[in-house]
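Shown next: structure16.cif, containing mmCIF, N, CA and C atoms.
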data_work
loop_
_atom_site.label_atom_id
_atom_site.label_comp_id
_atom_site.auth_asym_id
_atom_site.auth_seq_id
_atom_site.Cartn_x
_atom_site.Cartn_y
_atom_site.Cartn_z
N MET A 1 155.71 -9.09 -149.81
CA MET A 1 155.97 -9.00 -148.39
C MET A 1 156.97 -10.06 -147.99
N GLY A 2 157.82 -9.70 -147.07
CA GLY A 2 158.84 -10.62 -146.59
C GLY A 2 158.27 -11.66 -145.65
N HIS A 3 158.98 -12.76 -145.52
CA HIS A 3 158.59 -13.84 -144.63
C HIS A 3 159.08 -13.52 -143.22
N VAL A 4 158.22 -13.63 -142.23
CA VAL A 4 158.58 -13.38 -140.84
C VAL A 4 158.98 -14.71 -140.22
N ARG A 5 160.13 -14.73 -139.62
CA ARG A 5 160.63 -15.95 -138.99
C ARG A 5 160.15 -16.01 -137.55
N GLY A 6 159.79 -17.19 -137.11
CA GLY A 6 159.35 -17.39 -135.74
C GLY A 6 160.51 -17.44 -134.78
N THR A 7 160.22 -17.26 -133.51
CA THR A 7 161.25 -17.27 -132.48
C THR A 7 161.94 -18.63 -132.41
N ALA A 8 161.19 -19.71 -132.53
CA ALA A 8 161.78 -21.04 -132.44
C ALA A 8 162.81 -21.25 -133.54
N THR A 9 162.51 -20.79 -134.75
CA THR A 9 163.46 -20.94 -135.86
C THR A 9 164.70 -20.11 -135.61
N MET A 10 164.53 -18.89 -135.14
CA MET A 10 165.69 -18.04 -134.87
C MET A 10 166.55 -18.64 -133.76
N THR A 11 165.92 -19.19 -132.74
CA THR A 11 166.67 -19.82 -131.65
C THR A 11 167.45 -21.01 -132.16
N ASN A 12 166.81 -21.84 -133.01
CA ASN A 12 167.49 -22.99 -133.58
C ASN A 12 168.67 -22.55 -134.44
N ASP A 13 168.50 -21.49 -135.24
CA ASP A 13 169.58 -20.97 -136.07
C ASP A 13 170.74 -20.47 -135.21
N THR A 14 170.43 -19.76 -134.14
CA THR A 14 171.46 -19.24 -133.25
C THR A 14 172.22 -20.37 -132.58
N THR A 15 171.50 -21.38 -132.12
CA THR A 15 172.14 -22.54 -131.48
C THR A 15 173.04 -23.27 -132.46
N ALA A 16 172.56 -23.47 -133.68
CA ALA A 16 173.37 -24.15 -134.70
C ALA A 16 174.62 -23.33 -135.02
N TRP A 17 174.47 -22.02 -135.13
CA TRP A 17 175.61 -21.15 -135.42
C TRP A 17 176.64 -21.24 -134.30
N ARG A 18 176.20 -21.20 -133.05
CA ARG A 18 177.12 -21.30 -131.92
C ARG A 18 177.87 -22.63 -131.92
N GLN A 19 177.17 -23.71 -132.26
CA GLN A 19 177.82 -25.03 -132.28
C GLN A 19 178.87 -25.09 -133.38
N ILE A 20 178.58 -24.49 -134.52
CA ILE A 20 179.54 -24.48 -135.63
C ILE A 20 180.78 -23.68 -135.23
N VAL A 21 180.58 -22.49 -134.67
CA VAL A 21 181.70 -21.65 -134.26
C VAL A 21 182.52 -22.36 -133.18
N HIS A 22 181.85 -22.97 -132.22
CA HIS A 22 182.53 -23.69 -131.15
C HIS A 22 183.38 -24.83 -131.73
N SER A 23 182.81 -25.59 -132.64
CA SER A 23 183.54 -26.69 -133.27
C SER A 23 184.75 -26.19 -134.04
N ASP A 24 184.59 -25.06 -134.74
CA ASP A 24 185.71 -24.47 -135.48
C ASP A 24 186.83 -24.07 -134.54
N ARG A 25 186.48 -23.49 -133.40
CA ARG A 25 187.50 -23.07 -132.42
C ARG A 25 188.24 -24.27 -131.84
N ILE A 26 187.53 -25.36 -131.59
CA ILE A 26 188.16 -26.56 -131.06
C ILE A 26 189.12 -27.15 -132.09
N ARG A 27 188.69 -27.19 -133.36
CA ARG A 27 189.57 -27.70 -134.42
C ARG A 27 190.82 -26.82 -134.56
N ALA A 28 190.65 -25.51 -134.50
CA ALA A 28 191.78 -24.59 -134.62
C ALA A 28 192.77 -24.81 -133.49
N LEU A 29 192.27 -24.97 -132.28
CA LEU A 29 193.15 -25.20 -131.14
C LEU A 29 193.90 -26.52 -131.28
N GLY A 30 193.20 -27.55 -131.72
CA GLY A 30 193.82 -28.86 -131.89
C GLY A 30 194.88 -28.87 -132.97
N ALA A 31 194.75 -27.98 -133.96
CA ALA A 31 195.70 -27.93 -135.07
C ALA A 31 196.87 -26.97 -134.81
N THR A 32 196.83 -26.24 -133.71
CA THR A 32 197.87 -25.25 -133.43
C THR A 32 199.10 -25.89 -132.80
N ASP A 33 200.24 -25.58 -133.37
CA ASP A 33 201.51 -26.03 -132.81
C ASP A 33 201.84 -25.12 -131.62
N PRO A 34 202.13 -25.67 -130.46
CA PRO A 34 202.43 -24.84 -129.29
C PRO A 34 203.56 -23.83 -129.51
N THR A 35 204.49 -24.14 -130.40
CA THR A 35 205.59 -23.21 -130.66
C THR A 35 205.15 -21.98 -131.45
N ASP A 36 203.92 -22.01 -131.99
CA ASP A 36 203.40 -20.88 -132.76
C ASP A 36 202.52 -19.95 -131.94
N VAL A 37 202.37 -20.21 -130.64
CA VAL A 37 201.53 -19.38 -129.78
C VAL A 37 202.26 -18.07 -129.47
N ARG A 38 201.58 -16.96 -129.74
CA ARG A 38 202.15 -15.63 -129.46
C ARG A 38 201.18 -14.84 -128.59
N VAL A 39 201.72 -14.09 -127.65
CA VAL A 39 200.94 -13.21 -126.80
C VAL A 39 201.22 -11.79 -127.24
N GLN A 40 200.15 -11.07 -127.64
CA GLN A 40 200.29 -9.72 -128.17
C GLN A 40 199.53 -8.73 -127.30
N PRO A 41 200.17 -7.63 -126.91
CA PRO A 41 199.47 -6.64 -126.07
C PRO A 41 198.33 -5.96 -126.82
N VAL A 42 197.22 -5.79 -126.12
CA VAL A 42 196.08 -5.02 -126.63
C VAL A 42 196.08 -3.67 -125.93
N ASP A 43 196.24 -3.70 -124.62
CA ASP A 43 196.42 -2.48 -123.81
C ASP A 43 197.20 -2.86 -122.56
N ALA A 44 197.26 -1.98 -121.60
CA ALA A 44 198.10 -2.20 -120.41
C ALA A 44 197.72 -3.44 -119.60
N GLY A 45 196.48 -3.87 -119.66
CA GLY A 45 196.05 -4.99 -118.85
C GLY A 45 195.41 -6.12 -119.62
N CYS A 46 195.60 -6.14 -120.94
CA CYS A 46 194.95 -7.16 -121.76
C CYS A 46 195.87 -7.56 -122.92
N TRP A 47 195.90 -8.86 -123.19
CA TRP A 47 196.69 -9.40 -124.29
C TRP A 47 195.80 -10.35 -125.07
N ARG A 48 196.06 -10.46 -126.37
CA ARG A 48 195.39 -11.48 -127.16
C ARG A 48 196.41 -12.56 -127.45
N VAL A 49 195.93 -13.79 -127.56
CA VAL A 49 196.79 -14.93 -127.81
C VAL A 49 196.43 -15.47 -129.19
N VAL A 50 197.44 -15.57 -130.06
CA VAL A 50 197.19 -15.95 -131.45
C VAL A 50 198.09 -17.10 -131.89
N ASP A 51 197.66 -17.73 -132.96
CA ASP A 51 198.45 -18.74 -133.65
C ASP A 51 199.23 -18.00 -134.73
N ALA A 52 200.53 -17.82 -134.53
CA ALA A 52 201.34 -17.04 -135.46
C ALA A 52 201.47 -17.70 -136.83
N ALA A 53 201.19 -18.98 -136.93
CA ALA A 53 201.29 -19.68 -138.21
C ALA A 53 200.04 -19.48 -139.07
N ALA A 54 198.96 -19.02 -138.48
CA ALA A 54 197.71 -18.81 -139.22
C ALA A 54 197.79 -17.51 -140.02
N ALA A 55 197.02 -17.43 -141.08
CA ALA A 55 196.94 -16.21 -141.88
C ALA A 55 196.30 -15.10 -141.05
N TRP A 56 196.76 -13.86 -141.24
CA TRP A 56 196.27 -12.73 -140.45
C TRP A 56 194.78 -12.48 -140.63
N ASP A 57 194.21 -12.90 -141.74
CA ASP A 57 192.78 -12.68 -141.96
C ASP A 57 191.94 -13.91 -141.58
N ASP A 58 192.58 -14.90 -140.98
CA ASP A 58 191.89 -16.11 -140.55
C ASP A 58 191.37 -15.93 -139.13
N PRO A 59 190.05 -15.96 -138.93
CA PRO A 59 189.52 -15.77 -137.57
C PRO A 59 189.96 -16.84 -136.59
N ASP A 60 190.37 -17.99 -137.08
CA ASP A 60 190.82 -19.07 -136.20
C ASP A 60 192.19 -18.78 -135.59
N MET A 61 192.86 -17.72 -136.05
CA MET A 61 194.17 -17.39 -135.47
C MET A 61 194.04 -16.95 -134.02
N LEU A 62 192.87 -16.43 -133.63
CA LEU A 62 192.66 -15.97 -132.26
C LEU A 62 192.38 -17.17 -131.36
N LEU A 63 193.29 -17.40 -130.43
CA LEU A 63 193.16 -18.53 -129.51
C LEU A 63 192.51 -18.12 -128.19
N GLY A 64 192.70 -16.86 -127.79
CA GLY A 64 192.12 -16.43 -126.53
C GLY A 64 192.63 -15.09 -126.09
N PHE A 65 192.36 -14.78 -124.82
CA PHE A 65 192.75 -13.51 -124.23
C PHE A 65 193.33 -13.74 -122.84
N ILE A 66 194.18 -12.82 -122.44
CA ILE A 66 194.72 -12.80 -121.08
C ILE A 66 194.42 -11.42 -120.51
N GLU A 67 193.86 -11.39 -119.30
CA GLU A 67 193.57 -10.12 -118.64
C GLU A 67 194.26 -10.07 -117.29
N ARG A 68 194.84 -8.92 -116.98
CA ARG A 68 195.45 -8.73 -115.66
C ARG A 68 194.33 -8.60 -114.63
N THR A 69 194.50 -9.27 -113.50
CA THR A 69 193.55 -9.16 -112.39
C THR A 69 194.31 -8.68 -111.16
N ALA A 70 193.61 -8.46 -110.08
CA ALA A 70 194.25 -7.98 -108.85
C ALA A 70 195.27 -8.98 -108.31
N ASP A 71 195.02 -10.28 -108.58
CA ASP A 71 195.91 -11.31 -108.02
C ASP A 71 196.66 -12.12 -109.08
N GLY A 72 196.75 -11.62 -110.30
CA GLY A 72 197.48 -12.35 -111.33
C GLY A 72 196.92 -12.09 -112.71
N PHE A 73 196.66 -13.19 -113.44
CA PHE A 73 196.19 -13.10 -114.81
C PHE A 73 195.09 -14.13 -115.04
N GLU A 74 194.07 -13.73 -115.79
CA GLU A 74 192.97 -14.64 -116.13
C GLU A 74 193.02 -14.94 -117.62
N CYS A 75 193.01 -16.23 -117.95
CA CYS A 75 193.08 -16.68 -119.33
C CYS A 75 191.69 -17.13 -119.79
N THR A 76 191.30 -16.67 -120.97
CA THR A 76 190.06 -17.11 -121.59
C THR A 76 190.41 -17.79 -122.90
N LEU A 77 190.16 -19.07 -123.00
CA LEU A 77 190.42 -19.86 -124.18
C LEU A 77 189.19 -19.80 -125.08
N MET A 78 189.34 -19.38 -126.33
CA MET A 78 188.20 -19.23 -127.22
C MET A 78 187.46 -20.54 -127.46
N ALA A 79 188.15 -21.66 -127.41
CA ALA A 79 187.51 -22.96 -127.60
C ALA A 79 186.71 -23.40 -126.39
N SER A 80 186.84 -22.70 -125.29
CA SER A 80 186.17 -23.07 -124.04
C SER A 80 185.83 -21.81 -123.26
N LEU A 81 184.92 -21.02 -123.77
CA LEU A 81 184.63 -19.70 -123.22
C LEU A 81 184.13 -19.72 -121.78
N HIS A 82 183.59 -20.84 -121.34
CA HIS A 82 183.01 -20.90 -120.00
C HIS A 82 184.04 -21.27 -118.93
N GLN A 83 185.24 -21.60 -119.36
CA GLN A 83 186.29 -21.99 -118.43
C GLN A 83 187.38 -20.93 -118.44
N HIS A 84 187.77 -20.48 -117.27
CA HIS A 84 188.83 -19.49 -117.14
C HIS A 84 189.93 -20.06 -116.27
N GLU A 85 191.14 -19.85 -116.69
CA GLU A 85 192.31 -20.30 -115.94
C GLU A 85 192.98 -19.08 -115.32
N ARG A 86 193.33 -19.17 -114.07
CA ARG A 86 194.04 -18.07 -113.40
C ARG A 86 195.49 -18.48 -113.21
N THR A 87 196.39 -17.55 -113.52
CA THR A 87 197.82 -17.81 -113.37
C THR A 87 198.46 -16.67 -112.58
N ALA A 88 199.63 -16.93 -112.04
CA ALA A 88 200.33 -15.92 -111.24
C ALA A 88 201.09 -14.93 -112.11
N THR A 89 201.60 -15.39 -113.26
CA THR A 89 202.42 -14.52 -114.11
C THR A 89 201.95 -14.57 -115.55
N LEU A 90 202.38 -13.59 -116.32
CA LEU A 90 202.07 -13.57 -117.75
C LEU A 90 202.75 -14.75 -118.45
N GLN A 91 203.93 -15.11 -118.02
CA GLN A 91 204.64 -16.25 -118.59
C GLN A 91 203.86 -17.55 -118.34
N ASP A 92 203.29 -17.68 -117.14
CA ASP A 92 202.46 -18.86 -116.83
C ASP A 92 201.21 -18.88 -117.72
N ALA A 93 200.65 -17.72 -117.99
CA ALA A 93 199.47 -17.64 -118.86
C ALA A 93 199.84 -18.08 -120.27
N HIS A 94 200.98 -17.62 -120.75
CA HIS A 94 201.47 -18.03 -122.08
C HIS A 94 201.63 -19.55 -122.12
N ALA A 95 202.24 -20.11 -121.08
CA ALA A 95 202.45 -21.56 -121.00
C ALA A 95 201.11 -22.31 -120.97
N TYR A 96 200.10 -21.74 -120.31
CA TYR A 96 198.77 -22.37 -120.28
C TYR A 96 198.24 -22.56 -121.70
N PHE A 97 198.34 -21.50 -122.52
CA PHE A 97 197.84 -21.61 -123.90
C PHE A 97 198.68 -22.59 -124.71
N GLU A 98 199.98 -22.60 -124.51
CA GLU A 98 200.83 -23.57 -125.21
C GLU A 98 200.42 -24.99 -124.85
N ASP A 99 200.12 -25.23 -123.57
CA ASP A 99 199.72 -26.56 -123.12
C ASP A 99 198.38 -27.00 -123.70
N CYS A 100 197.51 -26.05 -124.01
CA CYS A 100 196.19 -26.37 -124.56
C CYS A 100 196.25 -26.73 -126.05
N CYS A 101 197.27 -26.27 -126.74
CA CYS A 101 197.37 -26.51 -128.18
C CYS A 101 197.66 -27.97 -128.49
N GLY A 102 197.11 -28.41 -129.62
CA GLY A 102 197.28 -29.79 -130.02
C GLY A 102 196.34 -30.73 -129.29
N GLN A 103 195.48 -30.17 -128.46
CA GLN A 103 194.51 -30.96 -127.70
C GLN A 103 193.11 -30.44 -128.01
N TYR A 104 192.13 -31.22 -127.66
CA TYR A 104 190.75 -30.83 -127.85
C TYR A 104 190.08 -30.71 -126.50
N PRO A 105 189.59 -29.51 -126.12
CA PRO A 105 188.95 -29.34 -124.81
C PRO A 105 187.76 -30.28 -124.65
N GLU A 106 187.53 -30.67 -123.43
CA GLU A 106 186.43 -31.60 -123.14
C GLU A 106 185.18 -30.85 -122.73
N GLU A 107 184.84 -29.83 -123.47
CA GLU A 107 183.63 -29.06 -123.17
C GLU A 107 182.57 -29.41 -124.20
N ALA A 108 181.35 -29.57 -123.71
CA ALA A 108 180.24 -29.86 -124.64
C ALA A 108 179.99 -28.62 -125.50
N PRO A 109 179.46 -28.79 -126.71
CA PRO A 109 179.15 -27.64 -127.55
C PRO A 109 178.23 -26.67 -126.84
N CYS A 110 178.30 -25.42 -127.24
CA CYS A 110 177.51 -24.33 -126.61
C CYS A 110 176.07 -24.71 -126.44
#

Any chance you could put this one into structure tokens?
Amino acid sequence: MGHVRGTATMTNDTTAWRQIVHSDRIRALGATDPTDVRVQPVDAGCWRVVDAAAAWDDPDMLLGFIERTADGFECTLMASLHQHERTATLQDAHAYFEDCCGQYPEEAPC
């Protein structure tokens, strides 16, 4: 018979996993050269932001997303999922991600 894991253990595992992923995203952002930031269309109102210098199969290449809103564009930085930046133009959104690269967000782990 298999071992049944308790809720507390599963919660601790999930929290640890989130902290590891969060730390990896912060390191990836800090290591990204702003000149390597690319904005790629996903559909008419959504773009993904990637580190063009990273390998295509590297999950750290994904820096974030940009979504069109009624009043501009909303940026979601993968290293800081709880913080959203709003910009007036797609170019401003691109510049936001470039400005974030090479830095480490001041957000506590998940």

All strand (DSSP E) positions in stretch 28-104 of chain A, as a PyMOL selection string: chain A and resi 37-43+46-51+62-69+72-77+84-87

Taking into account only C-alpha atoms, which residue in the set A:Ala31, A:Ile26, A:Cys100, A:Leu90 is nearest to A:Ala53?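 Using only C-alpha atoms, A:Ala53 sits closest to A:Ala31.
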
Selection: 7 Å around A:Leu63, all atoms listed in the file, excl. self and same-chain fewer than 3 positions, as JSON, numbers by chain: {"A": [29, 48, 49, 50, 51, 60, 76, 77, 78, 79]}

Do you have the atom N of A:Trp56-atom C of A:Cys101 distance handy?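 Separating atom N of A:Trp56 from atom C of A:Cys101 is a distance of 19.0 Å.
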
Grab the atom CA of A:Thr87 to atom CA of A:Asp58 distance for me, in Å with one decimal place.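 If I compute the distance from atom CA of A:Thr87 to atom CA of A:Asp58, I get 27.9 Å.
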
Check the smallest atom-to-atom distance from each of A:Ala88, A:Val39, A:Ala93, A:Ala55 to A:Asp71 using all atoms listed in the file, then report the winner.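 So, comparing all the options, the nearest one is A:Ala88.
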
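Taking atom N of A:Gly64 and atom N of A:Gln40 as endpoints, the distance between them is 9.4 Å.
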
Selection: 6 Å around A:Trp47, only C-alpha atoms, excl. self and same-chain fewer than 3 positions, as a list in words: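 Those residues are Gln40, Pro41, Val42, Phe65 and Ile66 of chain A.
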
Some atoms are absent from stretch 79-90 of chain A, so rebuild all heavy atoms and return them as a PDB file, in the frame of the given file.
ATOM      1  N   ALA A  79     188.150 -21.660-127.410  1.00  0.00           N
ATOM      2  CA  ALA A  79     187.510 -22.960-127.600  1.00  0.00           C
ATOM      3  C   ALA A  79     186.710 -23.400-126.390  1.00  0.00           C
ATOM      4  O   ALA A  79     185.959 -24.363-126.451  1.00  0.00           O
ATOM      5  CB  ALA A  79     188.560 -24.016-127.934  1.00  0.00           C
ATOM      6  N   SER A  80     186.840 -22.700-125.290  1.00  0.00           N
ATOM      7  CA  SER A  80     186.170 -23.070-124.040  1.00  0.00           C
ATOM      8  C   SER A  80     185.830 -21.810-123.260  1.00  0.00           C
ATOM      9  O   SER A  80     186.417 -21.540-122.217  1.00  0.00           O
ATOM     10  CB  SER A  80     187.088 -23.992-123.232  1.00  0.00           C
ATOM     11  OG  SER A  80     186.466 -24.377-122.042  1.00  0.00           O
ATOM     12  N   LEU A  81     184.920 -21.020-123.770  1.00  0.00           N
ATOM     13  CA  LEU A  81     184.630 -19.700-123.220  1.00  0.00           C
ATOM     14  C   LEU A  81     184.130 -19.720-121.780  1.00  0.00           C
ATOM     15  O   LEU A  81     184.258 -18.728-121.066  1.00  0.00           O
ATOM     16  CB  LEU A  81     183.602 -18.974-124.079  1.00  0.00           C
ATOM     17  CG  LEU A  81     184.089 -18.568-125.464  1.00  0.00           C
ATOM     18  CD1 LEU A  81     182.927 -18.009-126.279  1.00  0.00           C
ATOM     19  CD2 LEU A  81     185.207 -17.562-125.365  1.00  0.00           C
ATOM     20  N   HIS A  82     183.590 -20.840-121.340  1.00  0.00           N
ATOM     21  CA  HIS A  82     183.010 -20.900-120.000  1.00  0.00           C
ATOM     22  C   HIS A  82     184.040 -21.270-118.930  1.00  0.00           C
ATOM     23  O   HIS A  82     183.748 -21.265-117.757  1.00  0.00           O
ATOM     24  CB  HIS A  82     181.843 -21.885-119.963  1.00  0.00           C
ATOM     25  CG  HIS A  82     180.795 -21.548-120.970  1.00  0.00           C
ATOM     26  ND1 HIS A  82     180.002 -20.426-120.871  1.00  0.00           N
ATOM     27  CD2 HIS A  82     180.440 -22.140-122.124  1.00  0.00           C
ATOM     28  CE1 HIS A  82     179.189 -20.366-121.904  1.00  0.00           C
ATOM     29  NE2 HIS A  82     179.437 -21.388-122.676  1.00  0.00           N
ATOM     30  N   GLN A  83     185.240 -21.600-119.360  1.00  0.00           N
ATOM     31  CA  GLN A  83     186.290 -21.990-118.430  1.00  0.00           C
ATOM     32  C   GLN A  83     187.380 -20.930-118.440  1.00  0.00           C
ATOM     33  O   GLN A  83     187.859 -20.526-119.490  1.00  0.00           O
ATOM     34  CB  GLN A  83     186.877 -23.332-118.848  1.00  0.00           C
ATOM     35  CG  GLN A  83     188.005 -23.796-117.966  1.00  0.00           C
ATOM     36  CD  GLN A  83     188.581 -25.112-118.455  1.00  0.00           C
ATOM     37  OE1 GLN A  83     188.005 -25.796-119.282  1.00  0.00           O
ATOM     38  NE2 GLN A  83     189.733 -25.459-117.943  1.00  0.00           N
ATOM     39  N   HIS A  84     187.770 -20.480-117.270  1.00  0.00           N
ATOM     40  CA  HIS A  84     188.830 -19.490-117.140  1.00  0.00           C
ATOM     41  C   HIS A  84     189.930 -20.060-116.270  1.00  0.00           C
ATOM     42  O   HIS A  84     189.672 -20.695-115.254  1.00  0.00           O
ATOM     43  CB  HIS A  84     188.294 -18.194-116.508  1.00  0.00           C
ATOM     44  CG  HIS A  84     187.218 -17.559-117.323  1.00  0.00           C
ATOM     45  ND1 HIS A  84     187.478 -16.720-118.371  1.00  0.00           N
ATOM     46  CD2 HIS A  84     185.873 -17.673-117.257  1.00  0.00           C
ATOM     47  CE1 HIS A  84     186.341 -16.319-118.907  1.00  0.00           C
ATOM     48  NE2 HIS A  84     185.348 -16.893-118.257  1.00  0.00           N
ATOM     49  N   GLU A  85     191.140 -19.850-116.690  1.00  0.00           N
ATOM     50  CA  GLU A  85     192.310 -20.300-115.940  1.00  0.00           C
ATOM     51  C   GLU A  85     192.980 -19.080-115.320  1.00  0.00           C
ATOM     52  O   GLU A  85     193.157 -18.069-115.987  1.00  0.00           O
ATOM     53  CB  GLU A  85     193.281 -21.021-116.882  1.00  0.00           C
ATOM     54  CG  GLU A  85     194.512 -21.545-116.216  1.00  0.00           C
ATOM     55  CD  GLU A  85     194.248 -22.781-115.379  1.00  0.00           C
ATOM     56  OE1 GLU A  85     193.216 -23.448-115.560  1.00  0.00           O
ATOM     57  OE2 GLU A  85     195.099 -23.069-114.511  1.00  0.00           O
ATOM     58  N   ARG A  86     193.330 -19.170-114.070  1.00  0.00           N
ATOM     59  CA  ARG A  86     194.040 -18.070-113.400  1.00  0.00           C
ATOM     60  C   ARG A  86     195.490 -18.480-113.210  1.00  0.00           C
ATOM     61  O   ARG A  86     195.769 -19.604-112.812  1.00  0.00           O
ATOM     62  CB  ARG A  86     193.388 -17.758-112.071  1.00  0.00           C
ATOM     63  CG  ARG A  86     191.975 -17.224-112.230  1.00  0.00           C
ATOM     64  CD  ARG A  86     191.379 -16.798-110.904  1.00  0.00           C
ATOM     65  NE  ARG A  86     189.958 -16.581-111.006  1.00  0.00           N
ATOM     66  CZ  ARG A  86     189.388 -15.500-111.506  1.00  0.00           C
ATOM     67  NH1 ARG A  86     190.126 -14.530-111.977  1.00  0.00           N
ATOM     68  NH2 ARG A  86     188.082 -15.372-111.558  1.00  0.00           N
ATOM     69  N   THR A  87     196.390 -17.550-113.520  1.00  0.00           N
ATOM     70  CA  THR A  87     197.820 -17.810-113.370  1.00  0.00           C
ATOM     71  C   THR A  87     198.460 -16.670-112.580  1.00  0.00           C
ATOM     72  O   THR A  87     197.915 -15.576-112.515  1.00  0.00           O
ATOM     73  CB  THR A  87     198.522 -17.976-114.727  1.00  0.00           C
ATOM     74  OG1 THR A  87     198.438 -16.739-115.440  1.00  0.00           O
ATOM     75  CG2 THR A  87     197.896 -19.083-115.549  1.00  0.00           C
ATOM     76  N   ALA A  88     199.630 -16.930-112.040  1.00  0.00           N
ATOM     77  CA  ALA A  88     200.330 -15.920-111.240  1.00  0.00           C
ATOM     78  C   ALA A  88     201.090 -14.930-112.110  1.00  0.00           C
ATOM     79  O   ALA A  88     201.225 -13.762-111.753  1.00  0.00           O
ATOM     80  CB  ALA A  88     201.291 -16.604-110.274  1.00  0.00           C
ATOM     81  N   THR A  89     201.600 -15.390-113.260  1.00  0.00           N
ATOM     82  CA  THR A  89     202.420 -14.520-114.110  1.00  0.00           C
ATOM     83  C   THR A  89     201.950 -14.570-115.550  1.00  0.00           C
ATOM     84  O   THR A  89     201.240 -15.506-115.960  1.00  0.00           O
ATOM     85  CB  THR A  89     203.902 -14.944-114.079  1.00  0.00           C
ATOM     86  OG1 THR A  89     204.031 -16.216-114.736  1.00  0.00           O
ATOM     87  CG2 THR A  89     204.443 -15.033-112.649  1.00  0.00           C
ATOM     88  N   LEU A  90     202.380 -13.590-116.320  1.00  0.00           N
ATOM     89  CA  LEU A  90     202.070 -13.570-117.750  1.00  0.00           C
ATOM     90  C   LEU A  90     202.750 -14.750-118.450  1.00  0.00           C
ATOM     91  O   LEU A  90     202.168 -15.358-119.366  1.00  0.00           O
ATOM     92  CB  LEU A  90     202.516 -12.238-118.361  1.00  0.00           C
ATOM     93  CG  LEU A  90     202.148 -12.002-119.826  1.00  0.00           C
ATOM     94  CD1 LEU A  90     200.637 -12.091-120.038  1.00  0.00           C
ATOM     95  CD2 LEU A  90     202.666 -10.643-120.280  1.00  0.00           C
TER      96      LEU A  90
END
